[in-house]
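A.B. asks: mmCIF, C-alpha atoms, saved as model-v3.cif, coming up:
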```cif
data_data
#
loop_
_atom_site.label_atom_id
_atom_site.label_comp_id
_atom_site.auth_asym_id
_atom_site.auth_seq_id
_atom_site.Cartn_x
_atom_site.Cartn_y
_atom_site.Cartn_z
CA MET A 7 44.41 137.78 123.83
CA ASN A 8 46.00 134.36 123.98
CA GLY A 9 47.50 134.56 120.52
CA GLU A 10 44.46 135.86 118.66
CA SER A 11 44.99 138.69 116.18
CA PRO A 12 42.94 141.83 116.82
CA GLU A 13 39.85 142.02 114.58
CA ARG A 14 41.16 145.16 112.81
CA LEU A 15 44.22 143.18 111.69
CA LYS A 16 42.30 140.07 110.66
CA ALA A 17 40.39 142.21 108.17
CA MET A 18 43.70 143.16 106.49
CA PHE A 19 44.99 139.60 106.08
CA LEU A 20 45.72 138.76 102.45
CA ALA A 21 43.22 136.33 100.92
CA HIS A 22 46.02 134.17 99.49
CA GLY A 23 48.00 134.21 102.75
CA ARG A 24 48.41 131.24 105.06
CA ARG A 25 47.46 131.31 108.73
CA PHE A 26 48.98 129.11 111.41
CA VAL A 27 48.07 128.41 115.01
CA LYS A 28 51.03 128.21 117.35
CA ILE A 29 51.48 127.47 121.01
CA SER A 30 55.24 128.08 121.17
CA PHE A 31 56.57 131.61 121.48
CA GLY A 32 59.18 130.94 118.78
CA GLY A 33 57.38 130.44 115.49
CA LEU A 34 59.85 127.95 114.06
CA SER A 35 59.29 125.68 117.04
CA GLU A 36 56.04 124.72 115.32
CA ALA A 37 56.60 122.06 112.63
CA SER A 38 53.94 123.47 110.27
CA ILE A 39 55.43 126.97 110.40
CA ARG A 40 59.00 125.72 110.04
CA LYS A 41 57.97 123.64 106.98
CA ALA A 42 56.20 126.64 105.39
CA VAL A 43 59.27 128.84 105.93
CA GLU A 44 61.59 126.18 104.50
CA GLU A 45 59.41 126.02 101.37
CA LEU A 46 59.82 129.74 100.68
CA PRO A 47 61.90 130.44 97.57
CA GLY A 48 64.18 133.06 99.14
CA ARG A 49 66.47 133.43 102.12
CA GLU A 50 65.31 136.94 103.11
CA ILE A 51 62.39 137.30 105.51
CA ALA A 52 60.63 140.44 106.71
CA VAL A 53 59.27 140.01 110.23
CA ALA A 54 56.25 141.84 111.62
CA GLY A 55 54.05 140.77 114.47
CA ALA A 56 52.59 140.93 117.91
CA GLU A 57 54.27 140.66 121.27
CA THR A 58 57.64 142.08 120.24
CA ASP A 59 59.25 141.02 123.50
CA LEU A 60 57.97 137.43 123.40
CA CYS A 61 56.85 135.85 120.12
CA VAL A 62 58.83 138.09 117.79
CA MET A 63 61.97 138.05 119.95
CA GLN A 64 61.89 134.26 120.20
CA SER A 65 61.06 133.73 116.51
CA VAL A 66 63.88 135.87 115.10
CA PRO A 67 66.76 133.67 116.40
CA GLY A 68 64.97 130.65 114.94
CA LEU A 69 65.11 132.31 111.53
CA LEU A 70 68.69 133.53 111.90
CA GLU A 71 70.12 130.17 112.98
CA PRO A 72 69.54 128.36 109.64
CA GLY A 73 70.90 131.40 107.78
CA TYR A 74 67.89 133.50 106.82
CA GLU A 75 68.48 137.24 106.49
CA VAL A 76 65.88 138.76 108.81
CA PHE A 77 64.54 142.28 108.30
CA LEU A 78 62.74 143.41 111.43
CA LEU A 79 59.96 145.83 110.43
CA GLU A 80 60.05 147.96 113.55
CA ASP A 81 56.95 149.98 112.64
CA CYS A 82 54.98 146.73 112.18
CA LEU A 83 55.57 145.37 115.69
CA PHE A 84 53.38 145.80 118.74
CA SER A 85 53.07 144.43 122.21
CA SER A 86 50.84 144.47 125.27
CA GLU A 87 54.04 145.18 127.24
CA PRO A 88 54.42 148.94 127.82
CA GLU A 89 58.24 148.74 127.52
CA PRO A 90 59.16 146.21 124.77
CA ALA A 91 62.19 148.27 123.68
CA PRO A 92 64.87 145.96 125.20
CA ALA A 93 63.82 143.25 122.75
CA LEU A 94 64.91 145.27 119.69
CA PRO A 95 68.64 145.54 120.51
CA ARG A 96 68.72 141.85 121.42
CA MET A 97 67.36 140.91 118.00
CA MET A 98 69.77 143.30 116.25
CA GLN A 99 72.74 141.90 118.16
CA ALA A 100 71.66 138.41 117.08
CA GLY A 101 71.82 139.55 113.45
CA ALA A 102 68.41 140.96 112.49
CA VAL A 103 68.46 144.05 110.26
CA SER A 104 66.45 147.07 111.36
CA ALA A 105 63.89 148.18 108.75
CA THR A 106 60.44 149.69 108.32
CA LEU A 107 57.57 148.87 105.98
CA LYS A 108 58.50 151.87 103.82
CA ILE A 109 62.12 150.71 103.57
CA LEU A 110 60.96 147.24 102.54
CA VAL A 111 58.56 148.54 99.89
CA TYR A 112 61.15 150.80 98.27
CA GLU A 113 63.88 148.15 98.36
CA LEU A 114 61.56 145.69 96.63
CA SER A 115 60.59 148.30 94.01
CA GLU A 116 64.22 149.33 93.41
CA CYS A 117 63.34 152.39 91.30
CA VAL A 118 60.72 155.05 90.72
CA ASP A 119 59.67 153.65 87.36
CA HIS A 120 57.92 150.67 88.87
CA THR A 121 56.35 152.19 91.94
CA THR A 122 52.69 152.00 91.00
CA TRP A 123 51.74 155.21 92.77
CA TYR A 124 53.79 157.40 90.38
CA PRO A 125 51.78 158.82 87.43
CA GLU A 126 54.57 158.01 84.93
CA THR A 127 54.23 154.31 85.68
CA LEU A 128 50.48 154.40 85.39
CA ALA A 129 50.87 156.03 81.97
CA GLY A 130 53.04 153.13 80.77
CA LYS A 131 56.34 155.02 80.77
CA GLY A 132 59.41 153.84 82.57
CA ASP A 133 62.72 152.06 82.43
CA PRO A 134 62.28 148.34 81.63
CA CYS A 135 65.50 147.48 83.49
CA CYS A 136 63.88 148.09 86.86
CA LYS A 137 62.19 145.32 88.81
CA PRO A 138 58.42 145.75 89.28
CA PRO A 139 56.93 145.60 92.77
CA PRO A 140 55.71 142.19 93.95
CA ALA A 141 52.22 141.14 92.82
CA TRP A 142 50.93 141.35 96.41
CA PHE A 143 52.06 144.95 96.86
CA ILE A 144 49.35 147.48 97.73
CA PRO A 145 50.17 151.10 96.75
CA PRO A 146 50.37 153.44 99.78
CA GLY A 147 47.31 155.41 98.63
CA GLU A 148 45.24 152.25 99.10
CA TRP A 149 46.63 151.37 102.54
CA PRO A 150 44.18 151.42 105.47
CA ALA A 151 44.51 154.38 107.82
CA TRP A 152 46.36 152.42 110.52
CA MET A 153 49.17 151.65 108.04
CA ARG A 154 49.67 155.23 106.85
CA THR A 155 52.22 156.20 109.47
CA PHE A 156 54.77 157.89 107.18
#
```
The structure given in the file should be rewritten as structure tokens.
C.D. replies:
Amino acid sequence: MNGESPERLKAMFLAHGRRFVKISFGGLSEASIRKAVEELPGREIAVAGAETDLCVMQSVPGLLEPGYEVFLLEDCLFSSEPEPAPALPRMMQAGAVSATLKILVYELSECVDHTTWYPETLAGKGDPCCKPPPAWFIPPGEWPAWMRTF
């Protein structure tokens, strides 16, 4: 309600994450959010969020305009609107790339040897040429029930 995250999502927020209050639908319209995004080391951004047809749809063009590659995590979007589907093609036509949380996780891991939920990795075996998952990554077995959709 009025921009507040549901309590069940607040409990999942990463301790080292940053939270921002915004009054504009488009996130980059807020100077503090724009500055935080500009300070990120990469040019690829995964987008998840609430109000797919408002806040997400108006934030994505703001990320695309300065040249960020935007991956829209379709299974990590929600809205109070019963029919937010028209927003997705609009964002794709603007240049966002359709993705899911699972796609993102596996693309970041790049290979089986560094996916922490495989027993071979836990035993210390594996190909050193593969990139490990990011430090913030939580193995699927440890995900809360609402995230285990696949």
A.B. asks: Counting all atoms listed in the file, what is within 7 Å of Val103 of chain A, bar same-chain residues fewer than 5 positions away, as JSON, numbers by chain?
C.D. replies: {"A": [76, 77, 78, 98]}
A.B. asks: With C-alpha atoms retained, could you export that selection as a CSV table (one decimal), in the frame of the given file?
C.D. replies:
```csv
chain,number,residue,atom,x,y,z
A,76,VAL,CA,65.9,138.8,108.8
A,77,PHE,CA,64.5,142.3,108.3
A,78,LEU,CA,62.7,143.4,111.4
A,98,MET,CA,69.8,143.3,116.2
```
A.B. asks: Using only C-alpha atoms, determine which residues lie at most 12 Å from Pro72 of chain A, disregarding the query and same-chain residues fewer than 2 positions distant; provide the list as a ChimeraX atom specification.
C.D. replies: /A:34,40,43-44,49-50,66-70,74-76
A.B. asks: Tell me, as a PyMOL selection string, which residues lie within 12 Å of Pro95 of chain A, counting only C-alpha atoms; anything in the same chain fewer than 5 positions away does not count.
C.D. replies: chain A and resi 58-59+63+78+80+90+100-104
A.B. asks: Hey, what's within 7 Å of Ala56 of chain A if we count all atoms listed in the file and toss same-chain stuff fewer than 6 positions away? As a PDB file with C-alpha atoms, in the coordinates of the input, please?
C.D. replies:
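Final file, selection_38.pdb:
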```pdb
ATOM      1  CA  VAL A  62      58.830 138.090 117.790  1.00  0.00           C
ATOM      2  CA  LEU A  83      55.570 145.370 115.690  1.00  0.00           C
ATOM      3  CA  PHE A  84      53.380 145.800 118.740  1.00  0.00           C
ATOM      4  CA  SER A  85      53.070 144.430 122.210  1.00  0.00           C
TER       5      SER A  85
END
```
A.B. asks: May I ask for the distance between atom CA of Arg14 of chain A and atom CA of Gly55 of chain A, given in Å to one decimal place?
C.D. replies: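 Distance reported for this atom pair: 13.7 Å.
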A.B. asks: Between A:Ala105, A:Ala52, A:Ala93, A:Cys61, single out the one closest to Ser30 of chain A, counting all atoms listed in the file.
C.D. replies: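 Of A:Ala105, A:Ala52, A:Ala93, A:Cys61, the one nearest Ser30 of chain A, counting all atoms listed in the file, is A:Cys61.
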A.B. asks: With distances taken over all atoms listed in the file, which of A:Asp81, A:Glu57, A:Glu13, A:Glu89 is nearest to Gly32 of chain A?
C.D. replies: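 The shortest atom-to-atom distance to Gly32 of chain A comes from A:Glu57.
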A.B. asks: Given the choices A:Leu20, A:Leu79, A:Met97, A:Ile39, which gets closest to Ile51 of chain A if the distance is worked out from all atoms listed in the file?
C.D. replies: A:Leu79
A.B. asks: Separation of atom CA of Phe31 of chain A and atom CA of Thr106 of chain A, in Å?
C.D. replies: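 Atom-to-atom, atom CA of Phe31 of chain A and atom CA of Thr106 of chain A are spaced 22.7 Å apart.
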A.B. asks: Could you tell me how far atom CA of Ala54 of chain A sits from atom CA of Cys82 of chain A, in Å to one decimal place?
C.D. replies: 5.1 Å
